[in-house]
Amino acid sequence: MALWTCPDCRRRFGKRHQSHECAPAMDLDEYFSTGPERERPIFDAVWDQLSTLVGDDGDEVYVEPVSVGIFFKGRRTFAQLRPMTRWVALSFNLDRKLDSGRLSRKVVANGGRFAHVVNLTEPTEVDEQIRDWLTEAFFDDVR
């Protein structure tokens, strides 16, 4: 599936003329130059997993740093990292609802998908379970 690129901000979206805040994405160095120090190692731990994934149609994970956080996209945003005061919130969408004590917020249903959030304070928390959930979120997105 081809992604649509906004001609003004150059960001990529799964739908043509996707509603969005039309502001260009940053590059990673620019994004990390202003955030808390813990954010980059957590991003690296998440990216170590997501950068290896390729869908059946050749879809790969696209990284989009914006002012509010980092979006991970396949055909649409399936995961994101958002810096908070004491942690980094990792949110991801699945086609099923998880029931886990690791989830930090109530799971929200949206259009047949379920939004999940895990709060991370250090990169070691991106363990096998988190990596499996992120992999599942990517493949749910590109199917």
# chains A, B, ... in the order shown; residues from 1 in each chain; ligands from 1

$ residues_around --residues "range 73-78 of chain A" --least-positions-apart "5" --cutoff "9 Å" --atoms "only C-alpha atoms" --output "VMD selection string"
chain A and resid 1 to 3 12 to 15 55 59 to 64 91 to 94 134 137 to 142

$ residues_around --residues "Cys9 in chain A" --least-positions-apart "6" --cutoff "8 Å" --atoms "only C-alpha atoms" --output "ChimeraX atom specification"
/A:22-25

$ atom_distance --atom1 "CA of Gly112 in chain A" --atom2 "CA of His20 in chain A"
21.3 Å

$ closest_residue --among "A:Pro123, A:Ser67, A:Ser104, A:Trp4" --to "Ser33 in chain A" --atoms "only C-alpha atoms"
A:Ser67

$ select_by_dssp --residues "chain A" --states "strand (DSSP E)" --output "VMD selection string"
chain A and resid 4 to 5 12 to 13 62 to 66 69 to 73 77 to 83 88 to 94 108 to 110 113 to 120

$ atom_distance --atom1 "CA of Pro83 in chain A" --atom2 "CA of Ser19 in chain A"
23.4 Å

$ residues_around --residues "Thr121 in chain A" --least-positions-apart "5" --cutoff "9 Å" --atoms "only C-alpha atoms" --output "list of chain:residue names"
A:Arg38, A:Glu39, A:Ile42, A:Arg86, A:Trp87, A:Val88, A:Ala89

$ write_last_selection --atoms "C-alpha atoms" --output "short mmCIF file (atom, residue, chain, number, x, y, z; two decimals), in the first residue's frame"
data_model
loop_
_atom_site.label_atom_id
_atom_site.label_comp_id
_atom_site.auth_asym_id
_atom_site.auth_seq_id
_atom_site.Cartn_x
_atom_site.Cartn_y
_atom_site.Cartn_z
CA ARG A 38 16.61 8.86 29.28
CA GLU A 39 14.60 9.22 26.09
CA ILE A 42 14.62 3.95 25.32
CA ARG A 86 9.21 10.77 34.96
CA TRP A 87 8.98 8.22 32.12
CA VAL A 88 8.49 7.72 28.41
CA ALA A 89 5.02 6.50 27.46
#

$ closest_residue --among "A:Val108, A:Leu28, A:Leu90, A:Ile70" --to "Ile130 in chain A" --atoms "only C-alpha atoms"
A:Leu90

$ select_by_dssp --residues "chain A" --states "helix (DSSP H, G or I)" --output "PyMOL selection string"
chain A and resi 28-32+39-50+123-125+128-142

$ write_last_selection --atoms "N, CA and C atoms" --output "mmCIF file, in the first residue's frame"
data_model
loop_
_atom_site.group_PDB
_atom_site.id
_atom_site.type_symbol
_atom_site.label_atom_id
_atom_site.label_comp_id
_atom_site.auth_asym_id
_atom_site.auth_seq_id
_atom_site.Cartn_x
_atom_site.Cartn_y
_atom_site.Cartn_z
ATOM 1 N N LEU A 28 16.166 12.919 13.870
ATOM 2 C CA LEU A 28 16.335 12.370 15.220
ATOM 3 C C LEU A 28 17.290 13.198 16.080
ATOM 4 N N ASP A 29 18.388 13.668 15.497
ATOM 5 C CA ASP A 29 19.330 14.463 16.295
ATOM 6 C C ASP A 29 18.680 15.739 16.798
ATOM 7 N N GLU A 30 17.916 16.404 15.945
ATOM 8 C CA GLU A 30 17.205 17.617 16.350
ATOM 9 C C GLU A 30 16.207 17.297 17.464
ATOM 10 N N TYR A 31 15.462 16.214 17.294
ATOM 11 C CA TYR A 31 14.467 15.828 18.298
ATOM 12 C C TYR A 31 15.127 15.583 19.657
ATOM 13 N N PHE A 32 16.204 14.799 19.690
ATOM 14 C CA PHE A 32 16.825 14.426 20.957
ATOM 15 C C PHE A 32 17.657 15.540 21.579
ATOM 16 N N GLU A 39 15.446 9.496 27.250
ATOM 17 C CA GLU A 39 14.600 9.222 26.086
ATOM 18 C C GLU A 39 15.351 8.516 24.951
ATOM 19 N N ARG A 40 16.559 8.917 24.645
ATOM 20 C CA ARG A 40 17.299 8.321 23.521
ATOM 21 C C ARG A 40 17.570 6.826 23.741
ATOM 22 N N PRO A 41 18.059 6.400 24.905
ATOM 23 C CA PRO A 41 18.297 4.960 25.094
ATOM 24 C C PRO A 41 17.011 4.126 25.001
ATOM 25 N N ILE A 42 15.889 4.678 25.440
ATOM 26 C CA ILE A 42 14.616 3.954 25.317
ATOM 27 C C ILE A 42 14.222 3.867 23.851
ATOM 28 N N PHE A 43 14.354 4.971 23.114
ATOM 29 C CA PHE A 43 14.096 4.932 21.672
ATOM 30 C C PHE A 43 14.972 3.873 21.012
ATOM 31 N N ASP A 44 16.271 3.874 21.327
ATOM 32 C CA ASP A 44 17.196 2.916 20.709
ATOM 33 C C ASP A 44 16.750 1.479 20.972
ATOM 34 N N ALA A 45 16.300 1.185 22.186
ATOM 35 C CA ALA A 45 15.848 -0.168 22.520
ATOM 36 C C ALA A 45 14.612 -0.547 21.706
ATOM 37 N N VAL A 46 13.686 0.386 21.535
ATOM 38 C CA VAL A 46 12.490 0.132 20.725
ATOM 39 C C VAL A 46 12.879 -0.003 19.254
ATOM 40 N N TRP A 47 13.727 0.900 18.771
ATOM 41 C CA TRP A 47 14.123 0.896 17.365
ATOM 42 C C TRP A 47 14.934 -0.354 17.017
ATOM 43 N N ASP A 48 15.723 -0.874 17.955
ATOM 44 C CA ASP A 48 16.471 -2.115 17.709
ATOM 45 C C ASP A 48 15.534 -3.232 17.272
ATOM 46 N N GLN A 49 14.332 -3.273 17.825
ATOM 47 C CA GLN A 49 13.344 -4.285 17.436
ATOM 48 C C GLN A 49 12.639 -3.890 16.140
ATOM 49 N N LEU A 50 12.103 -2.693 16.098
ATOM 50 C CA LEU A 50 11.259 -2.303 14.971
ATOM 51 C C LEU A 50 12.030 -2.173 13.661
ATOM 52 N N PRO A 123 15.845 1.613 29.301
ATOM 53 C CA PRO A 123 15.793 0.760 28.106
ATOM 54 C C PRO A 123 15.677 -0.733 28.409
ATOM 55 N N THR A 124 16.129 -1.187 29.563
ATOM 56 C CA THR A 124 16.032 -2.616 29.886
ATOM 57 C C THR A 124 14.587 -3.079 30.027
ATOM 58 N N GLU A 125 13.668 -2.133 30.204
ATOM 59 C CA GLU A 125 12.248 -2.494 30.293
ATOM 60 C C GLU A 125 11.672 -2.893 28.934
ATOM 61 N N GLU A 128 11.532 -8.913 26.112
ATOM 62 C CA GLU A 128 10.941 -9.786 25.100
ATOM 63 C C GLU A 128 9.431 -9.564 24.947
ATOM 64 N N GLN A 129 8.737 -9.370 26.046
ATOM 65 C CA GLN A 129 7.289 -9.166 25.976
ATOM 66 C C GLN A 129 6.954 -7.875 25.212
ATOM 67 N N ILE A 130 7.637 -6.786 25.537
ATOM 68 C CA ILE A 130 7.413 -5.517 24.833
ATOM 69 C C ILE A 130 7.784 -5.669 23.361
ATOM 70 N N ARG A 131 8.906 -6.303 23.083
ATOM 71 C CA ARG A 131 9.315 -6.509 21.679
ATOM 72 C C ARG A 131 8.278 -7.327 20.927
ATOM 73 N N ASP A 132 7.714 -8.345 21.567
ATOM 74 C CA ASP A 132 6.662 -9.149 20.918
ATOM 75 C C ASP A 132 5.415 -8.309 20.634
ATOM 76 N N TRP A 133 5.018 -7.473 21.591
ATOM 77 C CA TRP A 133 3.845 -6.619 21.376
ATOM 78 C C TRP A 133 4.087 -5.637 20.237
ATOM 79 N N LEU A 134 5.284 -5.055 20.180
ATOM 80 C CA LEU A 134 5.604 -4.107 19.103
ATOM 81 C C LEU A 134 5.612 -4.803 17.743
ATOM 82 N N THR A 135 6.143 -6.004 17.698
ATOM 83 C CA THR A 135 6.142 -6.777 16.446
ATOM 84 C C THR A 135 4.717 -7.061 16.011
ATOM 85 N N GLU A 136 3.885 -7.490 16.950
ATOM 86 C CA GLU A 136 2.491 -7.751 16.642
ATOM 87 C C GLU A 136 1.789 -6.486 16.150
ATOM 88 N N ALA A 137 2.060 -5.353 16.789
ATOM 89 C CA ALA A 137 1.436 -4.084 16.379
ATOM 90 C C ALA A 137 1.813 -3.728 14.942
ATOM 91 N N PHE A 138 3.070 -3.922 14.585
ATOM 92 C CA PHE A 138 3.496 -3.641 13.218
ATOM 93 C C PHE A 138 2.776 -4.538 12.222
ATOM 94 N N PHE A 139 2.756 -5.833 12.488
ATOM 95 C CA PHE A 139 2.131 -6.754 11.534
ATOM 96 C C PHE A 139 0.599 -6.603 11.494
ATOM 97 N N ASP A 140 -0.022 -6.223 12.628
ATOM 98 C CA ASP A 140 -1.456 -5.889 12.582
ATOM 99 C C ASP A 140 -1.673 -4.701 11.646
ATOM 100 N N ASP A 141 -0.752 -3.774 11.622
ATOM 101 C CA ASP A 141 -0.891 -2.561 10.814
ATOM 102 C C ASP A 141 -0.698 -2.820 9.319
ATOM 103 N N VAL A 142 0.247 -3.649 8.952
ATOM 104 C CA VAL A 142 0.564 -3.822 7.519
ATOM 105 C C VAL A 142 -0.205 -4.952 6.858
#

$ closest_residue --among "A:Pro65, A:Val117, A:Ala79, A:Glu21" --to "Ser100 in chain A" --atoms "only C-alpha atoms"
A:Val117

$ atom_distance --atom1 "CA of Gly101 in chain A" --atom2 "CA of Ala115 in chain A"
15.0 Å

$ decode --residues "range 69-90 of chain A" --atoms "C-alpha atoms" --output "PDB file, in the first residue's frame"
ATOM      1  CA  GLY A  69       7.103  12.482  20.466  1.00  0.00           C
ATOM      2  CA  ILE A  70       8.248   9.848  17.999  1.00  0.00           C
ATOM      3  CA  PHE A  71       5.742   8.082  15.758  1.00  0.00           C
ATOM      4  CA  PHE A  72       6.436   4.649  14.306  1.00  0.00           C
ATOM      5  CA  LYS A  73       4.504   4.045  11.112  1.00  0.00           C
ATOM      6  CA  GLY A  74       3.858   1.167   8.778  1.00  0.00           C
ATOM      7  CA  ARG A  75       0.755   2.030   6.814  1.00  0.00           C
ATOM      8  CA  ARG A  76      -0.329   4.295   9.669  1.00  0.00           C
ATOM      9  CA  THR A  77       0.963   5.107  13.157  1.00  0.00           C
ATOM     10  CA  PHE A  78       1.003   1.843  15.100  1.00  0.00           C
ATOM     11  CA  ALA A  79       3.271   2.868  17.988  1.00  0.00           C
ATOM     12  CA  GLN A  80       4.668   6.010  19.536  1.00  0.00           C
ATOM     13  CA  LEU A  81       6.980   7.223  22.263  1.00  0.00           C
ATOM     14  CA  ARG A  82       5.981  10.343  24.196  1.00  0.00           C
ATOM     15  CA  PRO A  83       8.202  11.881  26.866  1.00  0.00           C
ATOM     16  CA  MET A  84       6.569  12.507  30.213  1.00  0.00           C
ATOM     17  CA  THR A  85       7.974  14.029  33.395  1.00  0.00           C
ATOM     18  CA  ARG A  86       9.207  10.768  34.957  1.00  0.00           C
ATOM     19  CA  TRP A  87       8.978   8.225  32.123  1.00  0.00           C
ATOM     20  CA  VAL A  88       8.495   7.722  28.409  1.00  0.00           C
ATOM     21  CA  ALA A  89       5.025   6.496  27.458  1.00  0.00           C
ATOM     22  CA  LEU A  90       5.117   3.763  24.813  1.00  0.00           C
TER      23      LEU A  90
END
